[in-house]
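Student: Got a structure for you, written out below as structure tokens; questions coming shortly.
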Amino acid sequence: SDTLALEGSYSSGKSTHSADWSADGTQLLVGEISRGGVLLFEFNPTTSTLTTPPTIMVGTGSVSAVKFSPDNDYFVTGAWGDGTGVRVYSFNSGVPSATLLDVVDTGAPLMVDLIWWPDGSKFAVGCQSGSANLRVYSFDGSDSSLVDSDSSIDVLGLALTSDASTLFTGGGASTGNIKTYKVGSTGSLSEIASKTQASGGGTDAIALNNSQKVI
């Protein structure tokens, strides 16, 4: 049977709320809350070792969501209600180094999840509370622009089909556990379905399997 083995560890004394692997599995991006920031670790799959301390430490405040772009040239972070907002960085994996490109939505609270479009042209942000908790941005390589949003839900998780035609959100019971949106070519959203669990509980995480089914 398959087993899990710890290959490396690091403690900064702060809480880790999110993490994301680079496309090639050699770099790990970690977001810390409690006035932490973004940490980048190098991972050697041959020796199964994780570099410590981290290679990059970007002090952006309390970071509750992080996500590499599909081409690994950028990453985006979301804040845990401390006013630092959504931040987009260019990323040089060879050095490695990160450069801040854009800051948006500094007033948005409690950002929980992020997801990129497969072609890197857009990304979505999910927030646990506040207004416009689902937000879609276009991205041109330097600037981010809000395309569409939905203020009727709390978002705890995001999932996007591989062709970027359908977006799913998981959230609180009061606004529908799982919502389904048709996504236009510009990133516009049209809600097409809503599902609430009979138990009345919320949906804290959401994903798609290889058949593009919600799990």
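In the structure tokens, each chain is lettered A, B, ... as it comes, each chain's residues begin at 1, and ligands are numbered from 1 in order of appearance.
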Leaving out A:Val63 and any residue of its chain fewer than 2 positions from it, which residues lie within 6 Å of it when counting only C-alpha atoms, given as a list in words?
Tutor: Gly31, Glu32, Ile33, Gly37, Ala65, Gly78, Ala79 and Trp80 of chain A
Student: Can you tell me which residues surround A:Leu40 at a distance of at most 7 Å, considering only C-alpha atoms, apart from same-chain residues fewer than 6 positions away, and format the answer as a PDB file with C-alpha atoms, in the first residue's frame?
Tutor:
```
ATOM      1  CA  GLN A  27       9.515  24.828  -5.617  1.00  0.00           C
ATOM      2  CA  LEU A  28       6.987  25.216  -2.820  1.00  0.00           C
ATOM      3  CA  LEU A  29       5.215  28.516  -2.145  1.00  0.00           C
ATOM      4  CA  VAL A  30       3.805  28.961   1.380  1.00  0.00           C
ATOM      5  CA  PRO A  54      13.374  29.457   2.641  1.00  0.00           C
ATOM      6  CA  THR A  55      15.008  30.933  -0.459  1.00  0.00           C
ATOM      7  CA  ILE A  56      12.596  33.892  -0.637  1.00  0.00           C
ATOM      8  CA  MET A  57      10.755  35.617   2.180  1.00  0.00           C
TER       9      MET A  57
END
```
Student: Can you list every residue in chain A that DSSP puts in strand (DSSP E or B), as number ranges by chain?
Tutor: A: 16-21, 27-32, 37-44, 49-50, 56-58, 63-68, 74-79, 86-92, 97-104, 111-116, 122-127, 134-139, 144-150, 157-160, 166-170, 178-183, 189-195, 208, 214
Student: To one decimal in Å, tell me the separation between atom CA of A:Asn209 and atom CA of A:Leu156.
Tutor: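 These two atoms are separated by 18.3 Å.
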Student: Using only C-alpha atoms, determine which residues lie at most 12 Å from stretch 9-25 of chain A, disregarding the query and same-chain residues fewer than 3 positions distant; provide the list as JSON, numbers by chain.
Tutor: {"A": [5, 6, 28, 29, 30, 31, 32, 33, 34, 35, 36, 37, 38, 39, 40, 41, 42, 43, 44, 45, 46, 48, 49, 50, 51, 52, 53, 54, 57, 61, 62, 63, 64, 65, 66, 67, 68, 69, 70, 71, 72, 73, 74, 75, 76, 77, 78, 79, 80, 91, 92, 93, 110, 111, 112, 113, 114, 115, 118, 157]}
Student: Grab the atom CA of A:Gly171 to atom CA of A:Thr203 distance for me, in Å with one decimal place.
Tutor: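 Atom CA of A:Gly171 sits 5.0 Å away from atom CA of A:Thr203.
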Student: Set out as a tab-separated table a contact list for stretch 36-134 of chain A and stretch 138-148 of chain A with a cut-off of 9 Å, giving each residue of stretch 36-134 of chain A that qualifies its closest atom pair and distance in Å to one decimal, counting only C-alpha atoms, ordered by chain and rising residue number.
Tutor:
```
residue	atom	partner	partner_atom	distance
A:Tyr74	CA	A:Gly141	CA	8.4
A:Val88	CA	A:Ser144	CA	8.1
A:Tyr89	CA	A:Ser142	CA	8.7
A:Ser90	CA	A:Ser142	CA	8.2
A:Leu101	CA	A:Ser142	CA	5.7
A:Asp102	CA	A:Asp143	CA	5.9
A:Val103	CA	A:Ser144	CA	8.1
A:Val104	CA	A:Ser144	CA	7.5
A:Gly120	CA	A:Phe139	CA	7.5
A:Ser121	CA	A:Phe139	CA	5.2
A:Lys122	CA	A:Ser138	CA	4.3
A:Phe123	CA	A:Ser138	CA	6.7
A:Ala124	CA	A:Ser138	CA	8.9
A:Leu134	CA	A:Asp148	CA	8.3
```
Student: Write the residues you've just listed into a file as a PDB file, in the first residue's frame, and include C-alpha atoms for each of them.
Tutor:
```pdb
ATOM      1  CA  TYR A  74       3.945  34.690 -11.743  1.00  0.00           C
ATOM      2  CA  VAL A  88       0.557  39.776  -8.139  1.00  0.00           C
ATOM      3  CA  TYR A  89       4.287  39.046  -8.457  1.00  0.00           C
ATOM      4  CA  SER A  90       6.509  38.191 -11.383  1.00  0.00           C
ATOM      5  CA  LEU A 101       3.660  43.980 -10.110  1.00  0.00           C
ATOM      6  CA  ASP A 102       0.203  44.959  -8.905  1.00  0.00           C
ATOM      7  CA  VAL A 103      -1.951  45.363  -5.776  1.00  0.00           C
ATOM      8  CA  VAL A 104      -5.758  45.319  -5.902  1.00  0.00           C
ATOM      9  CA  GLY A 120      -2.759  32.503 -17.313  1.00  0.00           C
ATOM     10  CA  SER A 121      -4.980  35.292 -18.648  1.00  0.00           C
ATOM     11  CA  LYS A 122      -7.229  35.488 -15.576  1.00  0.00           C
ATOM     12  CA  PHE A 123      -7.478  34.472 -11.952  1.00  0.00           C
ATOM     13  CA  ALA A 124     -10.307  34.265  -9.419  1.00  0.00           C
ATOM     14  CA  LEU A 134     -16.141  35.932  -5.671  1.00  0.00           C
TER      15      LEU A 134
END
```
Student: What does the distance between atom CA of A:Lys182 and atom CA of A:Ser149 come to in Å, to one decimal place?
Tutor: 12.8 Å
Student: May I ask which of the residues A:Gly83, A:Tyr137, A:Thr26, A:Thr106 is the closest one to A:Thr186, counting only C-alpha atoms?
Tutor: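 The shortest atom-to-atom distance to A:Thr186 comes from A:Tyr137.
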